[in-house]
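Colleague: I'd like to ask some things about the structure below.
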Amino acid sequence: MSGKPVAIGSDHAGYEMKELLIEELRALRREVLDLGCSGPESVDYPDFGKAVAAAVADGRAECGVVVCGTGIGISIAANRNPSARAAVCHDETSARLAREHNDANVLALGARLIGTEVAKGCLRVFLATEFAGGRHAARVAKLGRQ
Ligand code: RB5
C-alpha cells in the first residue's frame with residue numbers, strides 16, 4: 001500500500017453505494033478522493049468513470065472504485081484510459097482474481113446487482129490482494145499496448 005488515497009466515483013445509480021463505501025474506506029483508515037457524483041440527481045456515468053481513471057493514471061490515487069447501476073458502463077468509461085484496468089466484480093472471488101491475475105487498479109461495482117455487504121467485501125478483498133506477477137505479468141503488460 002502506498003498510503004495514497006483511493007479515488008471513488010459513481011453516477012446517480014451508484015451514489016448511495018458510493019457513500020457507504022466511503023464510510024468503509026474511512027473505517028479501513030484509507031484516505032478518500034471523492035470525485036462525485038454528489039447526490040441522487042441523474043448524471044452521466046462516463047464523466048465519473050473517466051475522472052477516477054485519470055486520478056489513478058496521474059498518480060493522485062493508488063487505485064479507484066467506480067459504481068453505477070451495473071458497473072458496466074462506468075468500467076467501460078474508465079477503461080478508455082490506457083492506464084486503467086477496471087474490472088467489474090460481483091463477489092470476493094472476482095475481486096481477488098482481478099487483483100491477482102489482472103492487476104486491476106479500478107474496482108467496478110453494480111449497485112443494482114449486488115448488495116452493500118457484498119460490495120464492501122469486494123472492496124476489502126480488492127484492497128488487500130497483491131498482484132501475483134509471474135506468468136500474469138507479460139499478459140498484463142500486453143493490455144497496455146494496441
Ligand atoms: C443509469 O440508469 C444506468 O444506465 C447506469 O447506472 C449504468 O448501469 C450503466 O452502465
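Chain lettering (A, B, ...) mirrors the order of the C-alpha cells, residue numbering begins at 1 for each chain separately, and ligand numbering begins at 1 in order of display.
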Each residue of region 9-77 of chain A lying at most 10 Å from region 108-112 of chain A should get a row with its shortest atom-to-atom pair and the distance in Å to one decimal, counting only C-alpha atoms; could you produce that, ordered by chain and increasing number, as CSV?
Modeller:
```
residue,atom,partner,partner_atom,distance
A:Gly9,CA,A:Ala108,CA,9.8
A:Ser10,CA,A:Leu109,CA,9.4
A:Ala13,CA,A:Ala111,CA,6.7
A:Gly14,CA,A:Ala111,CA,5.4
A:Tyr15,CA,A:Ala111,CA,8.6
A:Glu16,CA,A:Ala111,CA,8.4
A:Met17,CA,A:Ala111,CA,6.3
A:Lys18,CA,A:Ala111,CA,8.8
A:Gly49,CA,A:Ala108,CA,9.2
A:Gly64,CA,A:Ala108,CA,8.5
A:Val65,CA,A:Ala108,CA,5.9
A:Val66,CA,A:Ala108,CA,4.8
A:Val67,CA,A:Leu109,CA,4.9
A:Cys68,CA,A:Gly110,CA,5.5
A:Gly69,CA,A:Arg112,CA,4.9
A:Thr70,CA,A:Gly110,CA,3.7
A:Gly71,CA,A:Gly110,CA,4.1
A:Ile72,CA,A:Gly110,CA,7.4
A:Gly73,CA,A:Ala108,CA,9.4
A:Ile74,CA,A:Ala108,CA,7.3
A:Ser75,CA,A:Ala108,CA,5.9
A:Ile76,CA,A:Ala108,CA,9.6
```
Colleague: Those residues you just picked out, can you put them in a file as a PDB file, in the first residue's frame with C-alpha atoms?
Modeller:
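Final output, saved to out-v4.pdb:
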```
ATOM      1  CA  GLY A   9     -16.798   7.923  -8.267  1.00  0.00           C
ATOM      2  CA  SER A  10     -20.317   6.955  -9.228  1.00  0.00           C
ATOM      3  CA  ALA A  13     -27.496   4.782  -9.586  1.00  0.00           C
ATOM      4  CA  GLY A  14     -24.342   4.157  -7.601  1.00  0.00           C
ATOM      5  CA  TYR A  15     -24.460   7.229  -5.381  1.00  0.00           C
ATOM      6  CA  GLU A  16     -25.869   5.581  -2.245  1.00  0.00           C
ATOM      7  CA  MET A  17     -23.433   2.663  -2.500  1.00  0.00           C
ATOM      8  CA  LYS A  18     -20.539   5.077  -3.082  1.00  0.00           C
ATOM      9  CA  GLY A  49     -15.506   6.685 -14.724  1.00  0.00           C
ATOM     10  CA  GLY A  64     -10.017   3.545  -7.841  1.00  0.00           C
ATOM     11  CA  VAL A  65     -13.563   2.410  -7.187  1.00  0.00           C
ATOM     12  CA  VAL A  66     -16.406   3.153  -9.602  1.00  0.00           C
ATOM     13  CA  VAL A  67     -20.083   2.393  -9.120  1.00  0.00           C
ATOM     14  CA  CYS A  68     -23.038   2.619 -11.500  1.00  0.00           C
ATOM     15  CA  GLY A  69     -26.197   0.547 -11.864  1.00  0.00           C
ATOM     16  CA  THR A  70     -24.409  -2.467 -13.306  1.00  0.00           C
ATOM     17  CA  GLY A  71     -20.738  -1.485 -13.048  1.00  0.00           C
ATOM     18  CA  ILE A  72     -20.531  -1.996 -16.791  1.00  0.00           C
ATOM     19  CA  GLY A  73     -20.925   1.475 -18.270  1.00  0.00           C
ATOM     20  CA  ILE A  74     -18.654   3.144 -15.754  1.00  0.00           C
ATOM     21  CA  SER A  75     -15.978   0.436 -16.186  1.00  0.00           C
ATOM     22  CA  ILE A  76     -16.060   0.897 -19.966  1.00  0.00           C
TER      23      ILE A  76
END
```
Colleague: Can you list, as a VMD selection string, all residues belonging to chain A that DSSP tags as helix (DSSP H, G or I)?
Modeller: chain A and resid 12 to 27 45 to 57 72 to 79 92 to 100 116 to 128 135 to 143
Colleague: Select, from A:Pro82, A:Gly121, A:Gly3, A:Pro46, the residue with the minimum atom-to-atom distance to ligand 1, counting only C-alpha atoms and all ligand atoms.
Modeller: A:Pro46
Colleague: Hey, what's within 12 Å of Arg124 (chain A) if we count only C-alpha atoms and toss same-chain stuff fewer than 2 positions away? As a list in words, please?
Modeller: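 Counting only the stated atoms, we get Leu21, Ile22, Glu24, Leu25, Arg26, Ala27, Leu28, Arg29, Arg30, Val65, Asp91, Glu92, Thr93, Ala95, Arg96, Arg99, Leu107, Glu117, Val118, Ala119, Lys120, Gly121, Cys122, Phe126, Leu127, Ala128 and Thr129 of chain A.
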Colleague: As an exercise, work out the distance from CA of Leu113 (chain A) to CA of Ala86 (chain A) in Å and give it to one decimal place.
Modeller: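 For CA of Leu113 (chain A) relative to CA of Ala86 (chain A), the distance reads 17.3 Å.
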Colleague: Using only C-alpha atoms, which residues sit within 8 Å of region 137-144 of chain A once same-chain residues fewer than 4 positions away are excluded, as a VMD selection string?
Modeller: chain A and resid 82 to 83 102 to 103 133
Colleague: Hey, can you spit out that residue selection with C-alpha atoms as an mmCIF file, in the first residue's frame?
Modeller:
```cif
data_model
loop_
_atom_site.group_PDB
_atom_site.id
_atom_site.type_symbol
_atom_site.label_atom_id
_atom_site.label_comp_id
_atom_site.auth_asym_id
_atom_site.auth_seq_id
_atom_site.Cartn_x
_atom_site.Cartn_y
_atom_site.Cartn_z
ATOM 1 C CA PRO A 82 -4.951 3.253 -21.336
ATOM 2 C CA SER A 83 -3.531 3.189 -17.797
ATOM 3 C CA ASN A 102 -5.157 -8.778 -13.930
ATOM 4 C CA ASP A 103 -3.513 -6.269 -11.584
ATOM 5 C CA GLY A 133 3.031 -11.375 -11.102
#
```
Colleague: Write out as a list in words all residues of chain A that backbone DSSP assigns to strand (DSSP E).
Modeller: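 Matching residues, listed in order: Val6, Ala7, Ile8, Gly9, Ser10, Val32, Leu33, Asp34, Cys63, Gly64, Val65, Val66, Val67, Cys68, Ala86, Ala87, Val88, Val106, Leu107, Ala108, Leu109 and Gly110 of chain A.
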Colleague: If you keep N, CA and C atoms, can you produce a file of those selected residues as a PDB file, in the first residue's frame?
Modeller:
```
ATOM      1  N   VAL A   6      -7.634   6.449  -2.099  1.00  0.00           N
ATOM      2  CA  VAL A   6      -8.425   5.660  -3.032  1.00  0.00           C
ATOM      3  C   VAL A   6      -9.412   6.629  -3.688  1.00  0.00           C
ATOM      4  N   ALA A   7      -9.380   6.719  -5.024  1.00  0.00           N
ATOM      5  CA  ALA A   7     -10.335   7.572  -5.739  1.00  0.00           C
ATOM      6  C   ALA A   7     -11.644   6.807  -5.911  1.00  0.00           C
ATOM      7  N   ILE A   8     -12.746   7.530  -5.765  1.00  0.00           N
ATOM      8  CA  ILE A   8     -14.045   6.862  -5.901  1.00  0.00           C
ATOM      9  C   ILE A   8     -15.005   7.764  -6.660  1.00  0.00           C
ATOM     10  N   GLY A   9     -15.824   7.155  -7.506  1.00  0.00           N
ATOM     11  CA  GLY A   9     -16.798   7.923  -8.267  1.00  0.00           C
ATOM     12  C   GLY A   9     -17.978   7.048  -8.638  1.00  0.00           C
ATOM     13  N   SER A  10     -19.107   7.691  -8.847  1.00  0.00           N
ATOM     14  CA  SER A  10     -20.317   6.955  -9.228  1.00  0.00           C
ATOM     15  C   SER A  10     -21.236   7.856 -10.033  1.00  0.00           C
ATOM     16  N   VAL A  32      -9.608   9.121   1.158  1.00  0.00           N
ATOM     17  CA  VAL A  32     -10.572   9.005   0.069  1.00  0.00           C
ATOM     18  C   VAL A  32     -10.511  10.253  -0.805  1.00  0.00           C
ATOM     19  N   LEU A  33     -10.476  10.044  -2.118  1.00  0.00           N
ATOM     20  CA  LEU A  33     -10.597  11.142  -3.075  1.00  0.00           C
ATOM     21  C   LEU A  33     -11.949  10.951  -3.760  1.00  0.00           C
ATOM     22  N   ASP A  34     -12.946  11.691  -3.285  1.00  0.00           N
ATOM     23  CA  ASP A  34     -14.312  11.537  -3.785  1.00  0.00           C
ATOM     24  C   ASP A  34     -14.513  12.438  -5.005  1.00  0.00           C
ATOM     25  N   CYS A  63      -5.488   3.621  -6.283  1.00  0.00           N
ATOM     26  CA  CYS A  63      -6.401   2.804  -7.075  1.00  0.00           C
ATOM     27  C   CYS A  63      -7.765   3.485  -7.035  1.00  0.00           C
ATOM     28  N   GLY A  64      -8.717   2.903  -7.751  1.00  0.00           N
ATOM     29  CA  GLY A  64     -10.017   3.545  -7.841  1.00  0.00           C
ATOM     30  C   GLY A  64     -11.162   2.582  -7.629  1.00  0.00           C
ATOM     31  N   VAL A  65     -12.315   3.161  -7.308  1.00  0.00           N
ATOM     32  CA  VAL A  65     -13.563   2.410  -7.187  1.00  0.00           C
ATOM     33  C   VAL A  65     -14.615   3.186  -7.969  1.00  0.00           C
ATOM     34  N   VAL A  66     -15.343   2.501  -8.841  1.00  0.00           N
ATOM     35  CA  VAL A  66     -16.406   3.153  -9.602  1.00  0.00           C
ATOM     36  C   VAL A  66     -17.689   2.346  -9.449  1.00  0.00           C
ATOM     37  N   VAL A  67     -18.800   3.054  -9.342  1.00  0.00           N
ATOM     38  CA  VAL A  67     -20.083   2.393  -9.120  1.00  0.00           C
ATOM     39  C   VAL A  67     -21.128   3.015 -10.041  1.00  0.00           C
ATOM     40  N   CYS A  68     -21.835   2.171 -10.781  1.00  0.00           N
ATOM     41  CA  CYS A  68     -23.038   2.619 -11.500  1.00  0.00           C
ATOM     42  C   CYS A  68     -24.089   1.541 -11.290  1.00  0.00           C
ATOM     43  N   ALA A  86      -9.910  -1.546 -15.239  1.00  0.00           N
ATOM     44  CA  ALA A  86     -11.115  -1.594 -14.404  1.00  0.00           C
ATOM     45  C   ALA A  86     -11.787  -2.942 -14.582  1.00  0.00           C
ATOM     46  N   ALA A  87     -12.162  -3.554 -13.473  1.00  0.00           N
ATOM     47  CA  ALA A  87     -12.783  -4.878 -13.508  1.00  0.00           C
ATOM     48  C   ALA A  87     -14.112  -4.833 -12.758  1.00  0.00           C
ATOM     49  N   VAL A  88     -15.156  -5.294 -13.439  1.00  0.00           N
ATOM     50  CA  VAL A  88     -16.452  -5.415 -12.765  1.00  0.00           C
ATOM     51  C   VAL A  88     -16.417  -6.683 -11.918  1.00  0.00           C
ATOM     52  N   VAL A 106      -8.782  -0.485 -10.843  1.00  0.00           N
ATOM     53  CA  VAL A 106     -10.086   0.141 -10.592  1.00  0.00           C
ATOM     54  C   VAL A 106     -11.105  -0.983 -10.363  1.00  0.00           C
ATOM     55  N   LEU A 107     -11.763  -0.920  -9.224  1.00  0.00           N
ATOM     56  CA  LEU A 107     -12.830  -1.881  -8.891  1.00  0.00           C
ATOM     57  C   LEU A 107     -14.161  -1.281  -9.332  1.00  0.00           C
ATOM     58  N   ALA A 108     -14.892  -2.002 -10.190  1.00  0.00           N
ATOM     59  CA  ALA A 108     -16.193  -1.525 -10.663  1.00  0.00           C
ATOM     60  C   ALA A 108     -17.295  -2.390 -10.061  1.00  0.00           C
ATOM     61  N   LEU A 109     -18.312  -1.721  -9.545  1.00  0.00           N
ATOM     62  CA  LEU A 109     -19.398  -2.427  -8.857  1.00  0.00           C
ATOM     63  C   LEU A 109     -20.753  -1.977  -9.395  1.00  0.00           C
ATOM     64  N   GLY A 110     -21.698  -2.898  -9.422  1.00  0.00           N
ATOM     65  CA  GLY A 110     -23.051  -2.605  -9.890  1.00  0.00           C
ATOM     66  C   GLY A 110     -24.013  -2.520  -8.730  1.00  0.00           C
TER      67      GLY A 110
END
```
Colleague: Pick from A:Arg80, A:His12, A:His101, A:Arg85: nearest to ligand 1, with only C-alpha atoms and all ligand atoms counted?
Modeller: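 Result for the nearest residue to ligand 1: A:His12.
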Colleague: Determine, counting only C-alpha atoms, which protein, DNA and RNA residues have an atom within 8 Å of an atom of Asn81 (chain A); residues of the same chain fewer than 2 positions away are not included. Present the result as a ChimeraX atom specification.
Modeller: /A:50,53-54,57,77-79,83-84
Colleague: Rounded to one decimal place, report the CA of Glu23 (chain A)-CA of Leu97 (chain A) distance in Å.
Modeller: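 Separation between CA of Glu23 (chain A) and CA of Leu97 (chain A): 24.4 Å.
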Colleague: What separation in Å, quoted to one decimal, exists between CA of Arg60 (chain A) and atom 6 (O, counted along the ligand's line) of ligand 1?
Modeller: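 Distance reported for this atom pair: 25.0 Å.
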Colleague: Could you check the closest approach to ligand 1 for each of A:Ala132, A:Glu100, A:Ser42, A:Ala61 and tell me which residue wins, using only C-alpha atoms and all ligand atoms?
Modeller: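 Using only C-alpha atoms and all ligand atoms, the shortest distance to ligand 1 belongs to A:Ser42.
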Colleague: Restricting the calculation to only C-alpha atoms and all ligand atoms, which member of A:Val43, A:Ile114, A:Cys89, A:Val56 is positioned closest to ligand 1?
Modeller: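 For ligand 1, the nearest of the candidates is A:Val43.
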Colleague: Pick out the closest residue to Pro5 (chain A) from this set: A:Asp47, A:Glu62, A:Glu130, A:Gly115. Count only C-alpha atoms.
Modeller: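 Smallest separation from Pro5 (chain A) among the options: A:Glu62.
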